[in-house]
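S.K.: I am sharing run.cif, which consists of mmCIF, C-alpha atoms and all ligand atoms; chains and numbers go by the auth columns:
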data_run
#
loop_
_atom_site.group_PDB
_atom_site.id
_atom_site.type_symbol
_atom_site.label_atom_id
_atom_site.label_comp_id
_atom_site.label_asym_id
_atom_site.label_seq_id
_atom_site.Cartn_x
_atom_site.Cartn_y
_atom_site.Cartn_z
_atom_site.B_iso_or_equiv
_atom_site.auth_seq_id
_atom_site.auth_asym_id
ATOM 1 C CA MET A 1 0.000 0.000 0.000 0.00 29 A
ATOM 2 C CA VAL A 2 1.197 3.489 -0.848 0.00 30 A
ATOM 3 C CA PRO A 3 -0.298 6.936 -0.135 0.00 31 A
ATOM 4 C CA PHE A 4 -3.311 7.879 -2.261 0.00 32 A
ATOM 5 C CA ASP A 5 -3.272 10.658 -4.875 0.00 33 A
ATOM 6 C CA ASP A 6 0.519 10.492 -5.215 0.00 34 A
ATOM 7 C CA VAL A 7 1.919 8.918 -8.387 0.00 35 A
ATOM 8 C CA GLY A 8 5.443 9.458 -7.065 0.00 36 A
ATOM 9 C CA ALA A 9 4.621 6.897 -4.375 0.00 37 A
ATOM 10 C CA PHE A 10 4.085 4.278 -7.107 0.00 38 A
ATOM 11 C CA GLU A 11 7.459 5.189 -8.629 0.00 39 A
ATOM 12 C CA ARG A 12 9.153 4.650 -5.268 0.00 40 A
ATOM 13 C CA ALA A 13 7.361 1.333 -4.599 0.00 41 A
ATOM 14 C CA LEU A 14 7.990 -0.126 -8.074 0.00 42 A
ATOM 15 C CA ASN A 15 10.191 -3.210 -8.240 0.00 43 A
ATOM 16 C CA ALA A 16 10.874 -6.121 -10.585 0.00 44 A
ATOM 17 C CA ASN A 17 7.876 -8.064 -9.227 0.00 45 A
ATOM 18 C CA THR A 18 5.308 -5.324 -9.836 0.00 46 A
ATOM 19 C CA VAL A 19 2.632 -6.368 -12.333 0.00 47 A
ATOM 20 C CA ALA A 20 -0.215 -3.940 -11.644 0.00 48 A
ATOM 21 C CA VAL A 21 -1.484 -1.060 -9.584 0.00 49 A
ATOM 22 C CA MET A 22 -4.926 -1.070 -8.027 0.00 50 A
ATOM 23 C CA VAL A 23 -6.636 2.115 -6.850 0.00 51 A
ATOM 24 C CA GLU A 24 -10.073 3.382 -5.998 0.00 52 A
ATOM 25 C CA PRO A 25 -11.158 6.311 -8.206 0.00 53 A
ATOM 26 C CA ILE A 26 -12.442 7.893 -4.987 0.00 54 A
ATOM 27 C CA GLN A 27 -11.553 6.327 -1.654 0.00 55 A
ATOM 28 C CA GLY A 28 -14.683 5.212 0.184 0.00 56 A
ATOM 29 C CA GLU A 29 -13.696 3.565 3.475 0.00 57 A
ATOM 30 C CA GLY A 30 -10.600 5.784 3.411 0.00 58 A
ATOM 31 C CA GLY A 31 -12.848 8.784 4.089 0.00 59 A
ATOM 32 C CA VAL A 32 -14.418 9.885 0.764 0.00 60 A
ATOM 33 C CA VAL A 33 -11.093 11.126 -0.590 0.00 61 A
ATOM 34 C CA VAL A 34 -11.462 12.661 -4.062 0.00 62 A
ATOM 35 C CA PRO A 35 -8.057 12.783 -5.788 0.00 63 A
ATOM 36 C CA ALA A 36 -6.746 15.544 -8.070 0.00 64 A
ATOM 37 C CA SER A 37 -8.618 15.597 -11.377 0.00 65 A
ATOM 38 C CA ASP A 38 -5.555 14.342 -13.307 0.00 66 A
ATOM 39 C CA TYR A 39 -4.680 11.529 -10.866 0.00 67 A
ATOM 40 C CA LEU A 40 -6.132 8.602 -12.838 0.00 68 A
ATOM 41 C CA ARG A 41 -4.638 9.936 -16.079 0.00 69 A
ATOM 42 C CA ARG A 42 -1.252 10.058 -14.372 0.00 70 A
ATOM 43 C CA VAL A 43 -1.720 6.531 -12.987 0.00 71 A
ATOM 44 C CA ARG A 44 -2.483 5.399 -16.556 0.00 72 A
ATOM 45 C CA GLU A 45 0.708 7.064 -17.873 0.00 73 A
ATOM 46 C CA PHE A 46 2.721 5.451 -15.086 0.00 74 A
ATOM 47 C CA CYS A 47 1.276 2.005 -15.896 0.00 75 A
ATOM 48 C CA ASP A 48 1.902 2.443 -19.631 0.00 76 A
ATOM 49 C CA ARG A 49 5.457 3.584 -19.025 0.00 77 A
ATOM 50 C CA HIS A 50 6.237 0.492 -16.932 0.00 78 A
ATOM 51 C CA ASN A 51 4.037 -2.017 -18.766 0.00 79 A
ATOM 52 C CA LEU A 52 1.764 -2.549 -15.736 0.00 80 A
ATOM 53 C CA LEU A 53 -1.944 -3.266 -15.591 0.00 81 A
ATOM 54 C CA MET A 54 -4.142 -0.520 -14.197 0.00 82 A
ATOM 55 C CA ILE A 55 -6.881 -1.950 -11.974 0.00 83 A
ATOM 56 C CA LEU A 56 -9.652 0.249 -10.618 0.00 84 A
ATOM 57 C CA ASP A 57 -11.586 -0.875 -7.593 0.00 85 A
ATOM 58 C CA GLU A 58 -15.053 0.454 -8.387 0.00 86 A
ATOM 59 C CA ILE A 59 -16.810 -1.717 -5.811 0.00 87 A
ATOM 60 C CA GLN A 60 -17.999 1.318 -3.871 0.00 88 A
ATOM 61 C CA VAL A 61 -18.042 4.049 -6.543 0.00 89 A
ATOM 62 C CA GLY A 62 -19.089 2.030 -9.622 0.00 90 A
ATOM 63 C CA VAL A 63 -22.600 1.384 -10.949 0.00 91 A
ATOM 64 C CA GLY A 64 -23.715 4.995 -10.835 0.00 92 A
ATOM 65 C CA ARG A 65 -22.580 6.125 -7.395 0.00 93 A
ATOM 66 C CA THR A 66 -20.683 9.172 -8.735 0.00 94 A
ATOM 67 C CA GLY A 67 -23.266 10.093 -11.385 0.00 95 A
ATOM 68 C CA LYS A 68 -21.538 8.118 -14.166 0.00 96 A
ATOM 69 C CA PHE A 69 -21.912 4.380 -14.562 0.00 97 A
ATOM 70 C CA PHE A 70 -18.183 3.944 -13.872 0.00 98 A
ATOM 71 C CA ALA A 71 -16.360 6.524 -11.773 0.00 99 A
ATOM 72 C CA TYR A 72 -13.380 6.404 -14.165 0.00 100 A
ATOM 73 C CA GLU A 73 -15.605 8.034 -16.808 0.00 101 A
ATOM 74 C CA HIS A 74 -14.957 11.367 -15.075 0.00 102 A
ATOM 75 C CA SER A 75 -11.229 10.992 -15.679 0.00 103 A
ATOM 76 C CA GLY A 76 -10.709 10.904 -19.444 0.00 104 A
ATOM 77 C CA THR A 77 -8.793 7.643 -19.231 0.00 105 A
ATOM 78 C CA LYS A 78 -9.514 3.911 -19.067 0.00 106 A
ATOM 79 C CA PRO A 79 -8.262 1.129 -16.800 0.00 107 A
ATOM 80 C CA ASP A 80 -7.418 -2.418 -17.904 0.00 108 A
ATOM 81 C CA ILE A 81 -9.462 -4.137 -15.194 0.00 109 A
ATOM 82 C CA ILE A 82 -12.356 -3.007 -12.997 0.00 110 A
ATOM 83 C CA THR A 83 -13.761 -4.701 -9.916 0.00 111 A
ATOM 84 C CA LEU A 84 -17.467 -4.247 -9.201 0.00 112 A
ATOM 85 C CA ALA A 85 -19.830 -5.450 -6.458 0.00 113 A
ATOM 86 C CA LYS A 86 -22.190 -3.745 -3.971 0.00 114 A
ATOM 87 C CA ALA A 87 -24.718 -1.930 -6.247 0.00 115 A
ATOM 88 C CA LEU A 88 -24.155 -4.329 -9.145 0.00 116 A
ATOM 89 C CA GLY A 89 -26.766 -6.783 -7.859 0.00 117 A
ATOM 90 C CA GLY A 90 -29.203 -4.086 -6.719 0.00 118 A
ATOM 91 C CA GLY A 91 -29.103 -5.511 -3.195 0.00 119 A
ATOM 92 C CA LEU A 92 -28.473 -9.152 -4.044 0.00 120 A
ATOM 93 C CA PRO A 93 -24.939 -10.527 -3.699 0.00 121 A
ATOM 94 C CA LEU A 94 -23.056 -10.106 -6.956 0.00 122 A
ATOM 95 C CA GLY A 95 -19.498 -9.163 -7.799 0.00 123 A
ATOM 96 C CA ALA A 96 -17.632 -8.985 -11.076 0.00 124 A
ATOM 97 C CA MET A 97 -14.220 -8.405 -12.496 0.00 125 A
ATOM 98 C CA VAL A 98 -14.398 -6.678 -15.877 0.00 126 A
ATOM 99 C CA ALA A 99 -11.310 -6.737 -18.087 0.00 127 A
ATOM 100 C CA LYS A 100 -10.174 -5.890 -21.592 0.00 128 A
ATOM 101 C CA SER A 101 -10.668 -8.943 -23.749 0.00 129 A
ATOM 102 C CA GLU A 102 -6.958 -9.789 -24.111 0.00 130 A
ATOM 103 C CA ILE A 103 -6.709 -9.903 -20.299 0.00 131 A
ATOM 104 C CA ALA A 104 -10.052 -11.624 -19.703 0.00 132 A
ATOM 105 C CA SER A 105 -9.063 -14.399 -22.106 0.00 133 A
ATOM 106 C CA ALA A 106 -6.420 -15.513 -19.585 0.00 134 A
ATOM 107 C CA PHE A 107 -9.393 -17.037 -17.736 0.00 135 A
ATOM 108 C CA THR A 108 -11.438 -19.835 -19.191 0.00 136 A
ATOM 109 C CA PRO A 109 -14.843 -20.860 -17.807 0.00 137 A
ATOM 110 C CA GLY A 110 -14.357 -22.453 -14.392 0.00 138 A
ATOM 111 C CA SER A 111 -10.785 -21.236 -13.902 0.00 139 A
ATOM 112 C CA HIS A 112 -11.953 -18.638 -11.373 0.00 140 A
ATOM 113 C CA GLY A 113 -14.689 -20.604 -9.669 0.00 141 A
ATOM 114 C CA THR A 114 -16.654 -19.736 -6.582 0.00 142 A
ATOM 115 C CA THR A 115 -19.548 -21.673 -5.038 0.00 143 A
ATOM 116 C CA PHE A 116 -22.288 -19.121 -5.660 0.00 144 A
ATOM 117 C CA GLY A 117 -20.596 -17.266 -8.515 0.00 145 A
ATOM 118 C CA GLY A 118 -22.824 -16.408 -11.447 0.00 146 A
ATOM 119 C CA ASN A 119 -25.998 -17.517 -9.709 0.00 147 A
ATOM 120 C CA PRO A 120 -28.998 -16.813 -11.943 0.00 148 A
ATOM 121 C CA VAL A 121 -31.113 -14.891 -9.434 0.00 149 A
ATOM 122 C CA SER A 122 -28.336 -12.413 -8.628 0.00 150 A
ATOM 123 C CA CYS A 123 -27.486 -12.078 -12.318 0.00 151 A
ATOM 124 C CA ALA A 124 -31.157 -11.334 -13.126 0.00 152 A
ATOM 125 C CA ALA A 125 -31.130 -8.676 -10.395 0.00 153 A
ATOM 126 C CA GLY A 126 -27.923 -7.262 -11.883 0.00 154 A
ATOM 127 C CA LEU A 127 -29.491 -6.993 -15.322 0.00 155 A
ATOM 128 C CA ALA A 128 -32.617 -5.369 -13.875 0.00 156 A
ATOM 129 C CA THR A 129 -30.402 -2.895 -11.990 0.00 157 A
ATOM 130 C CA VAL A 130 -28.497 -1.884 -15.105 0.00 158 A
ATOM 131 C CA GLU A 131 -31.769 -1.523 -17.034 0.00 159 A
ATOM 132 C CA ALA A 132 -33.300 0.632 -14.296 0.00 160 A
ATOM 133 C CA ILE A 133 -30.200 2.832 -14.202 0.00 161 A
ATOM 134 C CA ASP A 134 -30.544 3.308 -17.961 0.00 162 A
ATOM 135 C CA GLN A 135 -34.281 3.833 -18.130 0.00 163 A
ATOM 136 C CA GLU A 136 -35.081 5.725 -14.943 0.00 164 A
ATOM 137 C CA HIS A 137 -32.608 8.619 -15.294 0.00 165 A
ATOM 138 C CA VAL A 138 -30.747 7.373 -12.250 0.00 166 A
ATOM 139 C CA LEU A 139 -27.374 8.864 -13.248 0.00 167 A
ATOM 140 C CA GLU A 140 -28.895 12.308 -13.857 0.00 168 A
ATOM 141 C CA ASN A 141 -30.635 12.127 -10.477 0.00 169 A
ATOM 142 C CA ALA A 142 -27.444 11.045 -8.669 0.00 170 A
ATOM 143 C CA THR A 143 -25.618 13.980 -10.276 0.00 171 A
ATOM 144 C CA SER A 144 -28.191 16.652 -9.541 0.00 172 A
ATOM 145 C CA VAL A 145 -29.391 15.555 -6.086 0.00 173 A
ATOM 146 C CA GLY A 146 -25.797 14.689 -5.114 0.00 174 A
ATOM 147 C CA SER A 147 -24.505 18.156 -5.976 0.00 175 A
ATOM 148 C CA TYR A 148 -27.513 19.690 -4.203 0.00 176 A
ATOM 149 C CA ILE A 149 -26.605 17.769 -1.010 0.00 177 A
ATOM 150 C CA ILE A 150 -22.933 18.714 -1.292 0.00 178 A
ATOM 151 C CA GLU A 151 -23.724 22.414 -1.835 0.00 179 A
ATOM 152 C CA ARG A 152 -26.238 22.502 0.986 0.00 180 A
ATOM 153 C CA LEU A 153 -23.819 20.791 3.389 0.00 181 A
ATOM 154 C CA ARG A 154 -21.077 23.221 2.346 0.00 182 A
ATOM 155 C CA GLY A 155 -23.433 26.098 3.145 0.00 183 A
ATOM 156 C CA PHE A 156 -24.219 24.521 6.513 0.00 184 A
ATOM 157 C CA ALA A 157 -20.502 23.930 7.171 0.00 185 A
ATOM 158 C CA ARG A 158 -19.891 27.685 6.985 0.00 186 A
ATOM 159 C CA THR A 159 -22.095 28.029 10.074 0.00 187 A
ATOM 160 C CA CYS A 160 -20.775 24.986 11.962 0.00 188 A
ATOM 161 C CA ASP A 161 -17.263 24.938 13.382 0.00 189 A
ATOM 162 C CA ARG A 162 -17.138 21.176 13.692 0.00 190 A
ATOM 163 C CA VAL A 163 -17.329 20.587 9.896 0.00 191 A
ATOM 164 C CA LYS A 164 -13.928 21.221 8.316 0.00 192 A
ATOM 165 C CA GLU A 165 -14.729 20.234 4.728 0.00 193 A
ATOM 166 C CA VAL A 166 -17.451 18.656 2.607 0.00 194 A
ATOM 167 C CA ARG A 167 -16.265 16.559 -0.333 0.00 195 A
ATOM 168 C CA GLY A 168 -17.617 14.004 -2.763 0.00 196 A
ATOM 169 C CA LEU A 169 -19.016 13.421 -6.218 0.00 197 A
ATOM 170 C CA GLY A 170 -22.597 12.484 -7.056 0.00 198 A
ATOM 171 C CA MET A 171 -23.977 10.323 -4.257 0.00 199 A
ATOM 172 C CA ILE A 172 -20.742 9.618 -2.360 0.00 200 A
ATOM 173 C CA ILE A 173 -20.407 12.440 0.096 0.00 201 A
ATOM 174 C CA GLY A 174 -18.186 12.983 3.122 0.00 202 A
ATOM 175 C CA ALA A 175 -18.269 15.670 5.774 0.00 203 A
ATOM 176 C CA VAL A 176 -14.873 15.907 7.448 0.00 204 A
ATOM 177 C CA LEU A 177 -15.350 16.737 11.121 0.00 205 A
ATOM 178 C CA ASN A 178 -12.835 18.080 13.605 0.00 206 A
ATOM 179 C CA HIS A 179 -13.572 15.099 15.851 0.00 207 A
ATOM 180 C CA ASP A 180 -14.576 11.426 15.670 0.00 208 A
ATOM 181 C CA ALA A 181 -17.796 11.060 13.648 0.00 209 A
ATOM 182 C CA ARG A 182 -19.386 8.458 15.961 0.00 210 A
ATOM 183 C CA PRO A 183 -21.635 10.738 18.082 0.00 211 A
ATOM 184 C CA VAL A 184 -23.043 12.357 14.919 0.00 212 A
ATOM 185 C CA VAL A 185 -23.600 8.933 13.337 0.00 213 A
ATOM 186 C CA ASP A 186 -25.390 7.784 16.508 0.00 214 A
ATOM 187 C CA ALA A 187 -27.586 10.900 16.598 0.00 215 A
ATOM 188 C CA CYS A 188 -28.599 10.309 12.951 0.00 216 A
ATOM 189 C CA LEU A 189 -29.359 6.634 13.664 0.00 217 A
ATOM 190 C CA LYS A 190 -31.569 7.691 16.580 0.00 218 A
ATOM 191 C CA ASP A 191 -33.510 9.796 14.063 0.00 219 A
ATOM 192 C CA ARG A 192 -33.682 6.739 11.756 0.00 220 A
ATOM 193 C CA LEU A 193 -31.190 7.996 9.184 0.00 221 A
ATOM 194 C CA LEU A 194 -28.424 5.587 8.172 0.00 222 A
ATOM 195 C CA VAL A 195 -25.036 7.262 7.738 0.00 223 A
ATOM 196 C CA ASN A 196 -21.600 5.992 8.610 0.00 224 A
ATOM 197 C CA GLY A 197 -18.328 7.171 10.052 0.00 225 A
ATOM 198 C CA THR A 198 -15.172 6.321 8.114 0.00 226 A
ATOM 199 C CA ALA A 199 -11.500 7.113 8.606 0.00 227 A
ATOM 200 C CA GLY A 200 -12.388 8.232 12.145 0.00 228 A
ATOM 201 C CA ASN A 201 -13.617 11.758 11.567 0.00 229 A
ATOM 202 C CA VAL A 202 -15.493 11.537 8.261 0.00 230 A
ATOM 203 C CA LEU A 203 -19.281 11.380 8.223 0.00 231 A
ATOM 204 C CA ARG A 204 -19.967 9.390 5.064 0.00 232 A
ATOM 205 C CA MET A 205 -23.250 9.532 3.184 0.00 233 A
ATOM 206 C CA LEU A 206 -24.101 7.029 0.435 0.00 234 A
ATOM 207 C CA PRO A 207 -27.768 7.780 -0.246 0.00 235 A
ATOM 208 C CA PRO A 208 -29.860 5.829 -2.748 0.00 236 A
ATOM 209 C CA LEU A 209 -29.145 6.953 -6.308 0.00 237 A
ATOM 210 C CA ASN A 210 -32.856 7.593 -6.888 0.00 238 A
ATOM 211 C CA LEU A 211 -33.234 9.793 -3.782 0.00 239 A
ATOM 212 C CA SER A 212 -35.740 12.581 -4.405 0.00 240 A
ATOM 213 C CA ARG A 213 -35.024 16.214 -3.563 0.00 241 A
ATOM 214 C CA GLN A 214 -37.700 16.052 -0.841 0.00 242 A
ATOM 215 C CA ASP A 215 -36.159 12.987 0.769 0.00 243 A
ATOM 216 C CA ALA A 216 -32.740 14.646 0.522 0.00 244 A
ATOM 217 C CA ASP A 217 -34.166 17.642 2.397 0.00 245 A
ATOM 218 C CA ALA A 218 -35.600 15.364 5.079 0.00 246 A
ATOM 219 C CA GLY A 219 -32.242 13.570 5.478 0.00 247 A
ATOM 220 C CA LEU A 220 -30.291 16.823 5.495 0.00 248 A
ATOM 221 C CA ALA A 221 -32.521 18.213 8.242 0.00 249 A
ATOM 222 C CA ILE A 222 -31.616 15.181 10.381 0.00 250 A
ATOM 223 C CA ILE A 223 -27.910 15.506 9.601 0.00 251 A
ATOM 224 C CA GLU A 224 -27.873 19.243 10.322 0.00 252 A
ATOM 225 C CA ARG A 225 -29.702 18.691 13.607 0.00 253 A
ATOM 226 C CA ALA A 226 -27.212 15.967 14.554 0.00 254 A
ATOM 227 C CA LEU A 227 -24.296 18.253 13.700 0.00 255 A
ATOM 228 C CA ARG A 228 -25.782 21.017 15.845 0.00 256 A
ATOM 229 C CA THR A 229 -26.667 18.887 18.855 0.00 257 A
ATOM 230 C CA ALA A 230 -24.548 15.700 19.040 0.00 258 A
ATOM 231 C CA PRO A 231 -22.001 15.737 21.851 0.00 259 A
ATOM 232 C CA ILE A 232 -18.411 16.456 20.882 0.00 260 A
ATOM 233 C CA PRO A 233 -16.287 13.505 22.063 0.00 261 A
ATOM 234 C CA SER A 234 -13.449 14.359 24.434 0.00 262 A
HETATM 235 C C1 LIG B . -13.711 -0.107 -2.540 0.00 301 A
HETATM 236 C C2 LIG B . -14.022 -1.448 -1.935 0.00 301 A
HETATM 237 N N1 LIG B . -13.426 -2.537 -2.411 0.00 301 A
HETATM 238 C C3 LIG B . -13.704 -3.755 -1.922 0.00 301 A
HETATM 239 C C4 LIG B . -14.619 -3.914 -0.908 0.00 301 A
HETATM 240 C C5 LIG B . -14.913 -5.310 -0.433 0.00 301 A
HETATM 241 O O1 LIG B . -15.931 -5.780 -1.198 0.00 301 A
HETATM 242 P P1 LIG B . -16.523 -7.250 -1.004 0.00 301 A
HETATM 243 O O2 LIG B . -17.168 -7.242 0.346 0.00 301 A
HETATM 244 O O3 LIG B . -17.495 -7.381 -2.117 0.00 301 A
HETATM 245 O O4 LIG B . -15.383 -8.180 -1.075 0.00 301 A
HETATM 246 C C6 LIG B . -15.242 -2.817 -0.364 0.00 301 A
HETATM 247 C C7 LIG B . -16.187 -2.967 0.756 0.00 301 A
HETATM 248 O O5 LIG B . -16.559 -2.031 1.418 0.00 301 A
HETATM 249 C C8 LIG B . -14.949 -1.541 -0.887 0.00 301 A
HETATM 250 O O6 LIG B . -15.546 -0.450 -0.413 0.00 301 A
#
Could you rewrite the structure in this file as structure tokens?

M.R.:
Amino acid sequence: MVPFDDVGAFERALNANTVAVMVEPIQGEGGVVVPASDYLRRVREFCDRHNLLMILDEIQVGVGRTGKFFAYEHSGTKPDIITLAKALGGGLPLGAMVAKSEIASAFTPGSHGTTFGGNPVSCAAGLATVEAIDQEHVLENATSVGSYIIERLRGFARTCDRVKEVRGLGMIIGAVLNHDARPVVDACLKDRLLVNGTAGNVLRMLPPLNLSRQDADAGLAIIERALRTAPIPS
């Protein structure tokens, strides 16, 4: 592992055994860390220069989360391999590794087996999910409601000392607090809103991609109340 958003760190870690680099387009568990806009392009150049595969872990940010089907589509470059899961099955367990055909052909059917892999019910749910994303303007909604949430939280942050920064893209949103996020998470849960704390002090929001503006307002009211009233941990 090397520091995120730092191509120089790959250069320093490179050795004769290196075959690939694997990064998240935006770090999720790492605290909703959005890299510089040229980061993935620079990772691509680094991989091309050293004949390495570029693997993007889109398990958290793929399948529409950022407002594009794949998060890499914001970057102007393409990876060689993508990992997908979470949203891919629309709630049913499903994961996939997607690769350029010359790489994928290294596997033949059965060479990467898993007991429940490719089960028909999950695959049907995956197809239905992709169709719904296409037909129900889900990406447009994730883009517009996501930027509404980010802007509104940024406005709120100007009035609230405990929020240092609000960052994200589409429907992956993090509010960086000046203390551990747990009391704010707990206050939201008490009000029946599911949010999470990641990287210690980041309040992470991953709302449904089809969230309406009204439901966003209702959720934001809970989050703002929690940020105003939750105890600050010592
Ligand atoms: C970016 C990323 N990659 C991989 C995983 C692990 O995924 P799985 O549980 O499908 O193995 C997660 C889970 O949170 C994740 O966020």

S.K.: Find the residues around segment 46-52 of chain A up to 10 Å (only C-alpha atoms counted), leave out those fewer than 4 positions away in its own chain, and share them as number ranges by chain.

M.R.: A: 29-30, 32-33, 38, 41-42, 56, 58, 61-63, 68, 71-72, 74-75, 78-90, 99-100, 107-111

S.K.: Using Å and a single decimal, report how far atom N1 of ligand LIG 301 (chain A) sits from atom CA of Glu39 of chain A.

M.R.: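 Between atom CA of Glu39 of chain A and atom N1 of ligand LIG 301 (chain A) the gap is 23.1 Å.
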
S.K.: Counting all atoms listed in the file, which residue out of A:Ala115, A:Ile177, A:Leu217, A:Leu155 sits closest to ligand LIG 301 (chain A)?

M.R.: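 Ranked by minimum distance to ligand LIG 301 (chain A), first place goes to A:Ala115.
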
S.K.: Do you know which residues lie at most 12 Å from (-18.9, 23.2, 9.0), with coordinates as in the file and all atoms listed in the file counted, and could you write them as a ChimeraX atom specification?

M.R.: /A:178-195,202-207,231,251-252,255-256

S.K.: Grab the atom CA of Gly36 of chain A to atom CA of Arg232 of chain A distance for me, in Å with one decimal place.

M.R.: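 Computing the Euclidean distance for atom CA of Gly36 of chain A and atom CA of Arg232 of chain A yields 28.2 Å.
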
S.K.: Of the candidates A:Pro53, A:Leu120, A:Arg70, A:Gly59, which one gets nearest to Phe98 of chain A if we count all atoms listed in the file?

M.R.: A:Pro53

S.K.: To box segment 86-93 of chain A, take all atoms listed in the file, fit an axis-aligned box, add 5 Å on each side, and give centre and edge lengths in Å to one decimal, as AutoDock Vina command-line options.

M.R.:
--center_x -19.4 --center_y 2.2 --center_z -7.4 --size_x 18.7 --size_y 17.8 --size_z 17.1

S.K.: Any chance you could resolve the PyMOL selection byres (((chain A and resi 172) around 12) and not hetatm) against this file and give the residues as a CSV table (one decimal) with C-alpha atoms, keeping the file's coordinate frame?

M.R.:
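Printed below is expr21.csv as written:
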chain,number,residue,atom,x,y,z
A,94,THR,CA,-20.7,9.2,-8.7
A,95,GLY,CA,-23.3,10.1,-11.4
A,96,LYS,CA,-21.5,8.1,-14.2
A,165,HIS,CA,-32.6,8.6,-15.3
A,166,VAL,CA,-30.7,7.4,-12.2
A,167,LEU,CA,-27.4,8.9,-13.2
A,168,GLU,CA,-28.9,12.3,-13.9
A,169,ASN,CA,-30.6,12.1,-10.5
A,170,ALA,CA,-27.4,11.0,-8.7
A,171,THR,CA,-25.6,14.0,-10.3
A,173,VAL,CA,-29.4,15.6,-6.1
A,174,GLY,CA,-25.8,14.7,-5.1
A,175,SER,CA,-24.5,18.2,-6.0
A,176,TYR,CA,-27.5,19.7,-4.2
A,177,ILE,CA,-26.6,17.8,-1.0
A,178,ILE,CA,-22.9,18.7,-1.3
A,179,GLU,CA,-23.7,22.4,-1.8
A,197,LEU,CA,-19.0,13.4,-6.2
A,198,GLY,CA,-22.6,12.5,-7.1
A,199,MET,CA,-24.0,10.3,-4.3
A,237,LEU,CA,-29.1,7.0,-6.3
A,238,ASN,CA,-32.9,7.6,-6.9
A,239,LEU,CA,-33.2,9.8,-3.8
A,240,SER,CA,-35.7,12.6,-4.4
A,241,ARG,CA,-35.0,16.2,-3.6
A,244,ALA,CA,-32.7,14.6,0.5

S.K.: Do you have the atom CA of Gly228 of chain A-atom CA of Ile260 of chain A distance handy?

M.R.: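 Atom-to-atom, atom CA of Gly228 of chain A and atom CA of Ile260 of chain A are spaced 13.4 Å apart.
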
S.K.: Return the single residue from A:Gly92, A:Ile131, A:Thr226, A:Asp162 that is closest to ligand LIG 301 (chain A), with distances computed using all atoms listed in the file.

M.R.: A:Thr226

S.K.: Compare A:Val212, A:Leu234, A:Ala127, A:Ala64 by their minimum atom-to-atom distance to ligand LIG 301 (chain A), counting all atoms listed in the file, and give me the closest one.

M.R.: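 Using all atoms listed in the file, ligand LIG 301 (chain A) sits closest to A:Leu234.
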